[in-house]
$ cat query.pdb   # PDB, C-alpha atoms
ATOM      1  CA  MET A  18       1.661 -42.967  50.803
ATOM      2  CA  LYS A  19       1.146 -41.264  47.479
ATOM      3  CA  GLY A  20       2.612 -42.567  44.242
ATOM      4  CA  ALA A  21       5.074 -40.922  41.923
ATOM      5  CA  ILE A  22       4.231 -39.113  38.687
ATOM      6  CA  ARG A  23       6.365 -38.062  35.759
ATOM      7  CA  ILE A  24       6.604 -34.430  34.824
ATOM      8  CA  ILE A  25       8.992 -32.453  32.632
ATOM      9  CA  VAL A  26      11.245 -29.999  34.426
ATOM     10  CA  ASN A  27      13.370 -27.713  32.243
ATOM     11  CA  GLY A  28      12.963 -30.182  29.390
ATOM     12  CA  MET A  29      13.973 -33.263  31.420
ATOM     13  CA  THR A  30      11.612 -36.009  32.569
ATOM     14  CA  GLU A  31      11.557 -36.228  36.366
ATOM     15  CA  GLU A  32       9.708 -38.374  38.892
ATOM     16  CA  VAL A  33       8.035 -36.410  41.642
ATOM     17  CA  PRO A  34       5.422 -37.258  44.297
ATOM     18  CA  GLU A  35       1.804 -37.131  43.186
ATOM     19  CA  GLY A  36       0.192 -33.870  44.274
ATOM     20  CA  ALA A  37       3.525 -32.048  44.585
ATOM     21  CA  THR A  38       3.217 -28.279  44.728
ATOM     22  CA  LEU A  39       5.484 -25.853  42.912
ATOM     23  CA  ALA A  40       6.809 -24.790  46.313
ATOM     24  CA  PHE A  41       7.793 -28.417  46.957
ATOM     25  CA  LEU A  42       9.474 -28.684  43.540
ATOM     26  CA  ILE A  43      11.468 -25.479  44.073
ATOM     27  CA  GLU A  44      12.806 -26.971  47.301
ATOM     28  CA  HIS A  45      13.264 -30.434  45.769
ATOM     29  CA  PHE A  46      15.264 -29.173  42.782
ATOM     30  CA  GLN A  47      17.201 -26.760  45.005
ATOM     31  CA  GLU A  48      16.264 -23.620  43.151
ATOM     32  CA  LYS A  49      17.694 -21.090  45.553
ATOM     33  CA  ASP A  50      17.216 -17.732  43.843
ATOM     34  CA  PRO A  51      14.453 -15.782  45.616
ATOM     35  CA  ALA A  52      13.760 -14.009  42.310
ATOM     36  CA  LEU A  53      13.281 -17.330  40.452
ATOM     37  CA  ILE A  54      10.737 -17.273  37.613
ATOM     38  CA  VAL A  55       8.438 -20.313  37.365
ATOM     39  CA  GLU A  56       6.405 -21.381  34.369
ATOM     40  CA  HIS A  57       3.810 -24.134  34.680
ATOM     41  CA  ASN A  58       2.485 -25.499  31.360
ATOM     42  CA  ASN A  59       3.791 -22.363  29.632
ATOM     43  CA  ARG A  60       2.034 -20.024  32.054
ATOM     44  CA  PHE A  61       3.914 -17.665  34.337
ATOM     45  CA  VAL A  62       3.074 -18.386  37.977
ATOM     46  CA  PHE A  63       3.082 -15.639  40.613
ATOM     47  CA  PRO A  64       5.222 -16.581  43.643
ATOM     48  CA  LYS A  65       2.256 -16.427  46.021
ATOM     49  CA  GLN A  66       0.653 -19.286  44.044
ATOM     50  CA  TYR A  67       3.619 -21.647  44.449
ATOM     51  CA  SER A  68       2.280 -23.298  47.578
ATOM     52  CA  THR A  69      -1.228 -23.861  46.123
ATOM     53  CA  THR A  70      -0.347 -24.947  42.574
ATOM     54  CA  THR A  71       0.001 -28.718  42.182
ATOM     55  CA  VAL A  72       1.393 -30.634  39.218
ATOM     56  CA  SER A  73      -0.257 -33.473  37.278
ATOM     57  CA  PRO A  74       1.349 -36.195  35.144
ATOM     58  CA  ASN A  75       3.135 -34.863  32.026
ATOM     59  CA  ASP A  76       2.980 -31.247  33.199
ATOM     60  CA  ARG A  77       5.838 -29.025  32.100
ATOM     61  CA  VAL A  78       7.619 -26.856  34.625
ATOM     62  CA  GLU A  79      10.343 -24.353  33.754
ATOM     63  CA  PHE A  80      12.589 -22.766  36.337
ATOM     64  CA  ILE A  81      14.164 -19.615  34.934
ATOM     65  CA  ASN A  82      16.952 -17.952  36.848
ATOM     66  CA  PRO A  83      16.782 -14.179  36.513
ATOM     67  CA  ASP A  84      19.659 -12.157  35.091
ATOM     68  CA  PHE A  85      20.366  -8.952  36.942
ATOM     69  CA  GLY A  86      23.819  -8.027  35.673
ATOM     70  CA  GLY A  87      24.417  -5.172  33.305
TER      71      GLY A  87
ATOM     72  CA  MET B  19       4.049  24.007   9.276
ATOM     73  CA  LYS B  20       3.272  22.354   5.970
ATOM     74  CA  GLY B  21       5.986  22.183   3.362
ATOM     75  CA  ARG B  22       8.749  22.881   5.879
ATOM     76  CA  PRO B  23      11.627  20.493   5.339
ATOM     77  CA  LEU B  24      11.801  18.222   8.355
ATOM     78  CA  LEU B  25      15.438  17.273   8.034
ATOM     79  CA  THR B  26      18.605  19.005   6.914
ATOM     80  CA  GLU B  27      20.613  17.618   3.995
ATOM     81  CA  GLU B  28      23.226  16.367   6.439
ATOM     82  CA  GLN B  29      20.576  14.513   8.435
ATOM     83  CA  LYS B  30      19.002  13.040   5.296
ATOM     84  CA  ARG B  31      22.343  11.568   4.417
ATOM     85  CA  ARG B  32      23.305  10.454   7.919
ATOM     86  CA  TYR B  33      20.026   8.594   8.452
ATOM     87  CA  ARG B  34      19.512   7.576   4.813
ATOM     88  CA  ARG B  35      19.554   3.858   5.424
ATOM     89  CA  GLN B  36      16.877   4.024   8.111
ATOM     90  CA  LEU B  37      14.816   6.771   6.486
ATOM     91  CA  ILE B  38      13.916   4.290   3.746
ATOM     92  CA  LEU B  39      12.220   2.088   6.320
ATOM     93  CA  PRO B  40       8.460   2.670   5.971
ATOM     94  CA  GLU B  41       8.126   2.743   9.777
ATOM     95  CA  ILE B  42      10.581   5.634  10.035
ATOM     96  CA  GLY B  43      10.745   8.071   7.114
ATOM     97  CA  GLU B  44      11.313  11.777   7.725
ATOM     98  CA  GLU B  45       8.435  12.073  10.185
ATOM     99  CA  GLY B  46       9.694   9.193  12.276
ATOM    100  CA  GLN B  47      13.185  10.605  12.201
ATOM    101  CA  GLU B  48      11.869  13.913  13.487
ATOM    102  CA  LYS B  49      10.106  12.085  16.327
ATOM    103  CA  LEU B  50      13.410  10.485  17.289
ATOM    104  CA  GLY B  51      15.146  13.851  17.152
ATOM    105  CA  LYS B  52      12.684  15.356  19.612
ATOM    106  CA  ALA B  53      12.745  12.425  22.022
ATOM    107  CA  ARG B  54      14.469  12.318  25.379
ATOM    108  CA  VAL B  55      15.471   8.985  26.902
ATOM    109  CA  LEU B  56      16.809   8.173  30.354
ATOM    110  CA  ILE B  57      19.531   5.519  30.341
ATOM    111  CA  VAL B  58      20.588   4.313  33.779
ATOM    112  CA  GLY B  59      23.946   2.550  33.788
ATOM    113  CA  LEU B  60      26.775   3.022  31.282
ATOM    114  CA  GLY B  61      28.270  -0.460  31.580
ATOM    115  CA  GLY B  62      27.884  -3.426  29.246
ATOM    116  CA  LEU B  63      24.233  -2.734  28.417
ATOM    117  CA  GLY B  64      24.258   1.069  28.545
ATOM    118  CA  SER B  65      27.361   1.279  26.340
ATOM    119  CA  ILE B  66      25.470  -0.395  23.539
ATOM    120  CA  SER B  67      21.999   1.096  23.968
ATOM    121  CA  SER B  68      23.243   4.678  24.312
ATOM    122  CA  TYR B  69      25.471   4.241  21.259
ATOM    123  CA  TYR B  70      22.699   2.824  19.083
ATOM    124  CA  LEU B  71      20.195   5.464  20.155
ATOM    125  CA  ALA B  72      22.645   8.320  19.548
ATOM    126  CA  ALA B  73      23.526   6.829  16.160
ATOM    127  CA  ALA B  74      19.854   6.484  15.236
ATOM    128  CA  GLY B  75      19.274  10.167  15.941
ATOM    129  CA  VAL B  76      17.519  10.148  19.305
ATOM    130  CA  GLY B  77      17.912  13.829  20.097
ATOM    131  CA  HIS B  78      18.290  13.832  23.862
ATOM    132  CA  LEU B  79      19.958  11.248  26.039
ATOM    133  CA  ARG B  80      20.160  11.605  29.795
ATOM    134  CA  ILE B  81      22.799   9.194  31.025
ATOM    135  CA  VAL B  82      23.321   8.275  34.664
ATOM    136  CA  ASP B  83      26.133   6.309  36.296
ATOM    137  CA  ARG B  84      27.999   6.820  39.550
ATOM    138  CA  ASP B  85      31.081   4.779  38.595
ATOM    139  CA  ALA B  86      34.430   5.403  36.942
ATOM    140  CA  VAL B  87      35.865   3.249  34.152
ATOM    141  CA  GLY B  88      37.836   0.247  35.466
ATOM    142  CA  LEU B  89      40.085  -2.171  33.645
ATOM    143  CA  GLU B  90      37.749  -5.071  34.469
ATOM    144  CA  ASN B  91      34.956  -3.256  32.576
ATOM    145  CA  LEU B  92      36.685  -3.250  29.229
ATOM    146  CA  ASN B  93      35.901  -6.836  28.173
ATOM    147  CA  ARG B  94      32.363  -5.692  27.378
ATOM    148  CA  GLN B  95      31.742  -1.977  27.975
ATOM    149  CA  LEU B  96      32.507  -0.907  24.438
ATOM    150  CA  LEU B  97      31.936   2.809  24.886
ATOM    151  CA  HIS B  98      34.998   3.068  27.122
ATOM    152  CA  SER B  99      38.614   2.557  26.152
ATOM    153  CA  THR B 100      41.899   1.932  27.928
ATOM    154  CA  VAL B 101      42.695   5.660  27.867
ATOM    155  CA  ASP B 102      39.478   6.304  29.817
ATOM    156  CA  LEU B 103      40.524   4.343  32.903
ATOM    157  CA  GLY B 104      39.587   6.278  36.018
ATOM    158  CA  ARG B 105      37.291   8.733  34.222
ATOM    159  CA  PRO B 106      33.629   8.914  35.197
ATOM    160  CA  LYS B 107      31.706   6.590  32.877
ATOM    161  CA  VAL B 108      29.180   9.245  31.912
ATOM    162  CA  GLU B 109      31.996  11.604  30.890
ATOM    163  CA  SER B 110      33.709   8.939  28.790
ATOM    164  CA  ALA B 111      30.338   7.962  27.302
ATOM    165  CA  SER B 112      29.254  11.517  26.548
ATOM    166  CA  GLU B 113      32.485  12.163  24.622
ATOM    167  CA  LYS B 114      32.005   9.088  22.413
ATOM    168  CA  LEU B 115      28.306   9.732  21.838
ATOM    169  CA  LEU B 116      28.967  13.314  20.736
ATOM    170  CA  ARG B 117      31.835  12.178  18.539
ATOM    171  CA  LEU B 118      29.450   9.758  16.861
ATOM    172  CA  ASN B 119      26.559  12.192  16.549
ATOM    173  CA  PRO B 120      27.278  15.853  17.404
ATOM    174  CA  SER B 121      23.576  16.751  17.139
ATOM    175  CA  CYS B 122      22.694  14.475  20.084
ATOM    176  CA  HIS B 123      22.114  16.423  23.304
ATOM    177  CA  VAL B 124      23.702  14.409  26.074
ATOM    178  CA  GLN B 125      23.003  15.224  29.705
ATOM    179  CA  THR B 126      25.106  13.469  32.310
ATOM    180  CA  ALA B 127      24.629  12.742  36.004
ATOM    181  CA  ILE B 128      27.280  11.151  38.223
ATOM    182  CA  VAL B 129      24.919   9.978  40.943
ATOM    183  CA  ASN B 130      23.621   6.889  42.648
ATOM    184  CA  ILE B 131      20.002   6.791  41.493
ATOM    185  CA  GLY B 132      17.463   6.257  44.277
ATOM    186  CA  ASP B 133      13.850   7.118  45.090
ATOM    187  CA  GLU B 134      14.966  10.563  46.291
ATOM    188  CA  ASN B 135      16.391  11.697  42.934
ATOM    189  CA  ALA B 136      14.811   9.370  40.349
ATOM    190  CA  LEU B 137      11.772  11.579  39.638
ATOM    191  CA  GLY B 138      13.978  14.529  38.823
ATOM    192  CA  LEU B 139      16.246  12.442  36.612
ATOM    193  CA  ALA B 140      13.253  11.070  34.675
ATOM    194  CA  LYS B 141      11.690  14.504  34.180
ATOM    195  CA  GLY B 142      10.824  15.109  30.530
ATOM    196  CA  CYS B 143      11.902  11.620  29.442
ATOM    197  CA  ALA B 144       9.705   9.533  27.139
ATOM    198  CA  LEU B 145      11.036   6.247  28.449
ATOM    199  CA  ILE B 146      13.544   4.601  30.766
ATOM    200  CA  ILE B 147      16.182   2.133  29.647
ATOM    201  CA  ASP B 148      17.463  -0.101  32.410
ATOM    202  CA  ALA B 149      21.170  -0.804  32.080
ATOM    203  CA  THR B 150      21.813  -1.289  35.789
ATOM    204  CA  ASP B 151      23.453  -4.236  37.501
ATOM    205  CA  ASN B 152      21.195  -4.972  40.478
ATOM    206  CA  ILE B 153      17.551  -5.656  41.345
ATOM    207  CA  ALA B 154      17.192  -2.841  43.899
ATOM    208  CA  THR B 155      17.927  -0.083  41.365
ATOM    209  CA  ARG B 156      15.538  -1.744  38.920
ATOM    210  CA  HIS B 157      12.780  -1.431  41.528
ATOM    211  CA  VAL B 158      13.625   2.282  41.820
ATOM    212  CA  LEU B 159      13.269   2.637  38.037
ATOM    213  CA  ASN B 160      10.003   0.690  38.109
ATOM    214  CA  ARG B 161       8.541   3.025  40.727
ATOM    215  CA  VAL B 162       9.498   6.135  38.765
ATOM    216  CA  SER B 163       8.119   4.557  35.571
ATOM    217  CA  LEU B 164       4.759   4.098  37.323
ATOM    218  CA  LYS B 165       4.782   7.582  38.884
ATOM    219  CA  LYS B 166       5.642   9.281  35.585
ATOM    220  CA  GLN B 167       3.574   6.834  33.484
ATOM    221  CA  ILE B 168       6.452   6.238  31.094
ATOM    222  CA  PRO B 169       7.596   2.883  29.666
ATOM    223  CA  PHE B 170      10.407   0.994  31.356
ATOM    224  CA  ILE B 171      12.578  -1.375  29.313
ATOM    225  CA  TYR B 172      14.262  -3.927  31.582
ATOM    226  CA  GLY B 173      17.399  -5.760  30.490
ATOM    227  CA  GLY B 174      19.753  -7.965  32.460
ATOM    228  CA  ILE B 175      22.606 -10.339  31.757
ATOM    229  CA  SER B 176      24.570 -13.021  33.532
ATOM    230  CA  GLY B 177      27.364 -14.844  31.736
ATOM    231  CA  TRP B 178      26.017 -16.305  28.495
ATOM    232  CA  ASN B 179      22.408 -15.533  29.400
ATOM    233  CA  GLY B 180      20.238 -12.480  29.396
ATOM    234  CA  MET B 181      16.652 -11.288  29.474
ATOM    235  CA  ALA B 182      14.579  -8.265  28.536
ATOM    236  CA  ALA B 183      10.998  -7.096  29.049
ATOM    237  CA  THR B 184       8.982  -3.914  28.581
ATOM    238  CA  PHE B 185       6.605  -2.550  31.180
ATOM    239  CA  ILE B 186       4.007   0.007  30.068
ATOM    240  CA  PRO B 187       2.171   1.681  32.967
ATOM    241  CA  GLY B 188      -1.585   1.234  32.648
ATOM    242  CA  LYS B 189      -1.235  -1.436  29.979
ATOM    243  CA  THR B 190       0.976  -4.216  31.314
ATOM    244  CA  GLY B 191       2.073  -5.435  34.684
ATOM    245  CA  CYS B 192       5.152  -3.824  36.180
ATOM    246  CA  PHE B 193       8.620  -5.047  37.121
ATOM    247  CA  ALA B 194       7.323  -5.825  40.629
ATOM    248  CA  CYS B 195       4.645  -8.159  39.195
ATOM    249  CA  LEU B 196       7.470 -10.227  37.700
ATOM    250  CA  PHE B 197       9.967  -9.740  40.530
ATOM    251  CA  PRO B 198       8.143  -8.863  43.758
ATOM    252  CA  GLN B 199      11.321  -9.484  45.778
ATOM    253  CA  GLU B 200      13.570  -6.530  46.499
ATOM    254  CA  ARG B 201      16.561  -8.836  46.718
ATOM    255  CA  ALA B 202      18.090 -11.476  44.466
ATOM    256  CA  ARG B 203      20.227 -14.450  45.459
ATOM    257  CA  THR B 204      23.325 -12.339  45.173
ATOM    258  CA  ASN B 205      23.350  -8.604  45.445
ATOM    259  CA  GLU B 206      26.993  -8.282  44.542
ATOM    260  CA  THR B 207      27.925  -6.857  41.151
ATOM    261  CA  GLU B 208      30.696  -9.384  40.421
ATOM    262  CA  PHE B 209      28.426 -11.426  38.139
ATOM    263  CA  PRO B 210      29.965 -13.198  35.130
ATOM    264  CA  ALA B 211      29.645 -10.970  32.086
ATOM    265  CA  LEU B 212      30.428 -11.537  28.444
ATOM    266  CA  GLY B 213      30.469  -8.717  25.887
ATOM    267  CA  PRO B 214      28.290 -10.305  23.196
ATOM    268  CA  THR B 215      25.595 -11.202  25.753
ATOM    269  CA  ALA B 216      25.337  -7.539  26.733
ATOM    270  CA  GLY B 217      25.317  -6.700  23.030
ATOM    271  CA  VAL B 218      22.369  -9.009  22.320
ATOM    272  CA  ILE B 219      20.246  -7.762  25.210
ATOM    273  CA  ALA B 220      21.099  -4.062  24.801
ATOM    274  CA  SER B 221      20.375  -4.297  21.069
ATOM    275  CA  ILE B 222      16.947  -5.732  21.830
ATOM    276  CA  GLN B 223      16.318  -2.955  24.358
ATOM    277  CA  SER B 224      17.426  -0.355  21.779
ATOM    278  CA  MET B 225      15.130  -1.754  19.114
ATOM    279  CA  GLU B 226      12.219  -1.741  21.528
ATOM    280  CA  ALA B 227      13.057   1.863  22.528
ATOM    281  CA  LEU B 228      13.077   2.983  18.893
ATOM    282  CA  ARG B 229       9.716   1.255  18.354
ATOM    283  CA  ILE B 230       8.178   3.097  21.286
ATOM    284  CA  LEU B 231       9.658   6.476  20.283
ATOM    285  CA  LEU B 232       8.359   5.988  16.733
ATOM    286  CA  GLY B 233       4.866   5.212  18.044
ATOM    287  CA  LEU B 234       5.012   1.566  16.986
ATOM    288  CA  PRO B 235       3.563  -1.058  19.337
ATOM    289  CA  PRO B 236       6.174  -2.306  21.818
ATOM    290  CA  LYS B 237       6.839  -5.986  21.229
ATOM    291  CA  LEU B 238       8.080  -6.991  24.670
ATOM    292  CA  ALA B 239       5.151  -5.500  26.580
ATOM    293  CA  GLY B 240       3.928  -8.166  28.977
ATOM    294  CA  ARG B 241       6.524 -10.594  27.670
ATOM    295  CA  LEU B 242       9.830 -11.636  29.162
ATOM    296  CA  LEU B 243      12.296 -12.588  26.434
ATOM    297  CA  THR B 244      15.073 -14.829  27.689
ATOM    298  CA  PHE B 245      18.237 -15.524  25.715
ATOM    299  CA  ARG B 246      20.355 -18.582  26.509
ATOM    300  CA  GLY B 247      23.668 -18.117  24.758
ATOM    301  CA  VAL B 248      24.874 -21.611  25.606
ATOM    302  CA  GLU B 249      22.025 -23.039  23.540
ATOM    303  CA  MET B 250      21.684 -20.021  21.217
ATOM    304  CA  ARG B 251      17.972 -19.958  21.980
ATOM    305  CA  PHE B 252      15.386 -17.305  22.705
ATOM    306  CA  ARG B 253      12.284 -18.096  24.742
ATOM    307  CA  SER B 254       9.252 -16.031  25.714
ATOM    308  CA  THR B 255       7.319 -16.010  28.957
ATOM    309  CA  PHE B 256       4.051 -14.104  28.979
ATOM    310  CA  VAL B 257       3.653 -12.195  32.205
ATOM    311  CA  GLU B 258       0.274 -10.855  33.215
ATOM    312  CA  GLN B 259      -0.348  -8.053  35.638
ATOM    313  CA  ASP B 260      -0.557  -9.316  39.192
ATOM    314  CA  PRO B 261      -4.115  -8.347  40.208
ATOM    315  CA  GLU B 262      -2.811  -7.872  43.749
ATOM    316  CA  CYS B 263       0.372  -5.987  42.863
ATOM    317  CA  PRO B 264       0.810  -3.318  45.549
ATOM    318  CA  LEU B 265       2.374  -0.966  42.994
ATOM    319  CA  CYS B 266       0.460  -1.181  39.744
ATOM    320  CA  ALA B 267      -2.860  -2.963  40.367
ATOM    321  CA  ARG B 268      -5.947  -0.773  40.397
ATOM    322  CA  PRO B 269      -7.930  -0.990  43.649
ATOM    323  CA  GLN B 270     -10.891  -3.349  43.261
ATOM    324  CA  GLY B 271     -14.395  -1.970  43.468
ATOM    325  CA  GLY B 272     -13.114   1.567  43.926
TER     326      GLY B 272
END

$ encode --input "query.pdb" --output "structure tokens"
Amino acid sequence: MKGAIRIIVNGMTEEVPEGATLAFLIEHFQEKDPALIVEHNNRFVFPKQYSTTTVSPNDRVEFINPDFGG
Amino acid sequence: MKGRPLLTEEQKRRYRRQLILPEIGEEGQEKLGKARVLIVGLGGLGSISSYYLAAAGVGHLRIVDRDAVGLENLNRQLLHSTVDLGRPKVESASEKLLRLNPSCHVQTAIVNIGDENALGLAKGCALIIDATDNIATRHVLNRVSLKKQIPFIYGGISGWNGMAATFIPGKTGCFACLFPQERARTNETEFPALGPTAGVIASIQSMEALRILLGLPPKLAGRLLTFRGVEMRFRSTFVEQDPECPLCARPQGG
């Protein structure tokens, strides 16, 4: 079984499994908007890379919910 | 023609406080006067952007909205008043814009914009301002922006929060690079909406529009600006073109 690592999600320190992918984190943190915007270490990540991008200790992840009202 | 006065005395006075900006001057003002802009949606965002652009002397505004003014609109849609209830939004808007600046040519369309009519509505326009309230219509505007090769200024709000970005065909990614999905979590239009949030985002869109019309470099090209009103913070996310975007990516090795 893999250990846990600490990363920063939306400014808060969180413990997540080592080797977690962004796709896992989206599920884990219950981000439900299909148009969610994800930043990993200040870089925008295309949705098709969510399942192949893994996080390392102290990485920063931002989940940004889109605004579509007018 | 050299030596021809660019502006009338009335215009010099009306625009005096912006004519003294080195980026504008009489030549810039004339550029604005000749420009035509498509604004889709005359709600919280479109109320503000159309008003600022008409005030600044943008000569031609084509405004599109299928809806009529409702009481629940008036907490934020500042172009419309209580006496306008039930009137088509574009009609109410056109009246106010012309009252503000009679030299502005306002064209109105009471239609639901879709792929079948978007090209015609964008004809002759230098740029598109998104003031819509759903992701599907924004994808329509993105496609017409790419077909016509004209900039598309996205803006959206929800409650205290909002975001804006500029997409320049051939130079940046497109709206579909950022939002490949055709659907959002909710497709309903009953999102929470606060007047000042719409004001912040529509003002940013208007400033970016003026920059583009004046020939200044757009500042939100390839950059998503998010505003969190609860924290009173702005944040930027740099968005590259998706090399595999089915809409805007150039075919490889072709």

$ resolve_selection --input "query.pdb" --expression "the ChimeraX specification (/B :<9) & /A" --output "compact mmCIF listing (two decimals) with C-alpha atoms, in the coordinates of the input"
# COMPACT_ATOMS: atom_id res chain seq x y z
CA LYS A 49 17.69 -21.09 45.55
CA ASP A 50 17.22 -17.73 43.84
CA PRO A 51 14.45 -15.78 45.62
CA ALA A 52 13.76 -14.01 42.31
CA LEU A 53 13.28 -17.33 40.45
CA ILE A 54 10.74 -17.27 37.61
CA GLU A 56 6.40 -21.38 34.37
CA ASN A 59 3.79 -22.36 29.63
CA ARG A 60 2.03 -20.02 32.05
CA PHE A 61 3.91 -17.66 34.34
CA VAL A 62 3.07 -18.39 37.98
CA PHE A 63 3.08 -15.64 40.61
CA PRO A 64 5.22 -16.58 43.64
CA ILE A 81 14.16 -19.61 34.93
CA PRO A 83 16.78 -14.18 36.51
CA ASP A 84 19.66 -12.16 35.09
CA PHE A 85 20.37 -8.95 36.94
CA GLY A 86 23.82 -8.03 35.67
CA GLY A 87 24.42 -5.17 33.30

$ closest_residue --input "query.pdb" --among "B:Thr100, B:Ser68, B:Asn130, B:Cys122" --to "Asp83 of chain B" --atoms "all atoms listed in the file"
B:Asn130

$ residues_around --input "query.pdb" --residues "Met29 of chain A" --least-positions-apart "2" --cutoff "12 Å" --atoms "all atoms listed in the file" --output "JSON, numbers by chain"
{"A": [23, 24, 25, 26, 27, 31, 32, 75, 76, 77, 78, 79, 80]}

$ atom_distance --input "query.pdb" --atom1 "atom CA of Gly213 of chain B" --atom2 "atom CA of Tyr70 of chain B"
15.5 Å

$ residues_around --input "query.pdb" --residues "Gly233 of chain B" --least-positions-apart "4" --cutoff "10 Å" --atoms "only C-alpha atoms" --output "PDB file with C-alpha atoms, in the frame of the given file"
ATOM      1  CA  GLU B  41       8.126   2.743   9.777  1.00  0.00           C
ATOM      2  CA  ILE B  42      10.581   5.634  10.035  1.00  0.00           C
ATOM      3  CA  GLY B  46       9.694   9.193  12.276  1.00  0.00           C
ATOM      4  CA  LYS B  49      10.106  12.085  16.327  1.00  0.00           C
ATOM      5  CA  ALA B 227      13.057   1.863  22.528  1.00  0.00           C
ATOM      6  CA  LEU B 228      13.077   2.983  18.893  1.00  0.00           C
ATOM      7  CA  ARG B 229       9.716   1.255  18.354  1.00  0.00           C
TER       8      ARG B 229
END

$ resolve_selection --input "query.pdb" --expression "the PyMOL selection byres ((chain A and resi 20) around 12)" --output "PyMOL selection string"
chain A and resi 18-19+21-23+32-37+73-74

$ atom_distance --input "query.pdb" --atom1 "atom CA of Ile146 of chain B" --atom2 "atom CA of Phe170 of chain B"
4.8 Å

$ atom_distance --input "query.pdb" --atom1 "atom CA of Leu92 of chain B" --atom2 "atom CA of Leu212 of chain B"
10.4 Å

$ residues_around --input "query.pdb" --residues "Phe41 of chain A" --least-positions-apart "4" --cutoff "9 Å" --atoms "all atoms listed in the file" --output "list in words"
Ala37, His45, Phe46, Tyr67 and Ser68 of chain A

$ resolve_selection --input "query.pdb" --expression "the PyMOL selection byres ((chain B and resi 98) around 9)" --output "PyMOL selection string"
chain B and resi 61+65+87+91-92+95-97+99-103+107+110-111+114

$ residues_around --input "query.pdb" --residues "Thr69 of chain A" --least-positions-apart "6" --cutoff "10 Å" --atoms "all atoms listed in the file" --output "number ranges by chain"
A: 37-40

$ residues_around --input "query.pdb" --residues "Phe185 of chain B" --least-positions-apart "4" --cutoff "7 Å" --atoms "all atoms listed in the file" --output "list in words"
Pro169, Phe170, Ile171, Thr190, Gly191, Cys192, Phe193, Ala239 and Gly240 of chain B

$ decode --input "query.pdb" --residues "segment 34-73 of chain B" --atoms "C-alpha atoms" --output "short mmCIF file (atom, residue, chain, number, x, y, z; two decimals), in the first residue's frame"
data_model
loop_
_atom_site.label_atom_id
_atom_site.label_comp_id
_atom_site.auth_asym_id
_atom_site.auth_seq_id
_atom_site.Cartn_x
_atom_site.Cartn_y
_atom_site.Cartn_z
CA ARG B 34 -12.52 65.20 -24.09
CA ARG B 35 -11.54 63.22 -21.04
CA GLN B 36 -10.51 60.17 -23.06
CA LEU B 37 -9.03 62.08 -25.99
CA ILE B 38 -6.26 63.24 -23.66
CA LEU B 39 -5.19 59.64 -23.17
CA PRO B 40 -2.09 59.09 -25.35
CA GLU B 41 -3.47 55.70 -26.45
CA ILE B 42 -6.63 57.32 -27.82
CA GLY B 43 -6.34 60.88 -29.15
CA GLU B 44 -8.35 61.97 -32.18
CA GLU B 45 -7.10 59.11 -34.35
CA GLY B 46 -8.07 56.51 -31.79
CA GLN B 47 -11.43 58.14 -31.34
CA GLU B 48 -12.02 57.94 -35.08
CA LYS B 49 -11.14 54.23 -35.00
CA LEU B 50 -13.76 53.71 -32.31
CA GLY B 51 -16.31 55.65 -34.34
CA LYS B 52 -15.82 53.39 -37.35
CA ALA B 53 -15.90 50.15 -35.38
CA ARG B 54 -18.75 47.67 -35.25
CA VAL B 55 -19.10 45.31 -32.30
CA LEU B 56 -21.42 42.36 -31.78
CA ILE B 57 -22.78 42.11 -28.23
CA VAL B 58 -24.72 38.93 -27.51
CA GLY B 59 -26.93 39.19 -24.43
CA LEU B 60 -28.38 42.37 -22.93
CA GLY B 61 -28.56 41.17 -19.33
CA GLY B 62 -26.22 41.93 -16.44
CA LEU B 63 -23.05 41.88 -18.55
CA GLY B 64 -24.43 43.27 -21.81
CA SER B 65 -26.15 46.17 -20.03
CA ILE B 66 -22.80 47.41 -18.83
CA SER B 67 -20.59 46.63 -21.83
CA SER B 68 -23.00 48.10 -24.38
CA TYR B 69 -23.41 51.23 -22.26
CA TYR B 70 -19.67 51.78 -21.85
CA LEU B 71 -18.94 51.17 -25.52
CA ALA B 72 -21.71 53.53 -26.67
CA ALA B 73 -20.48 56.15 -24.20
#
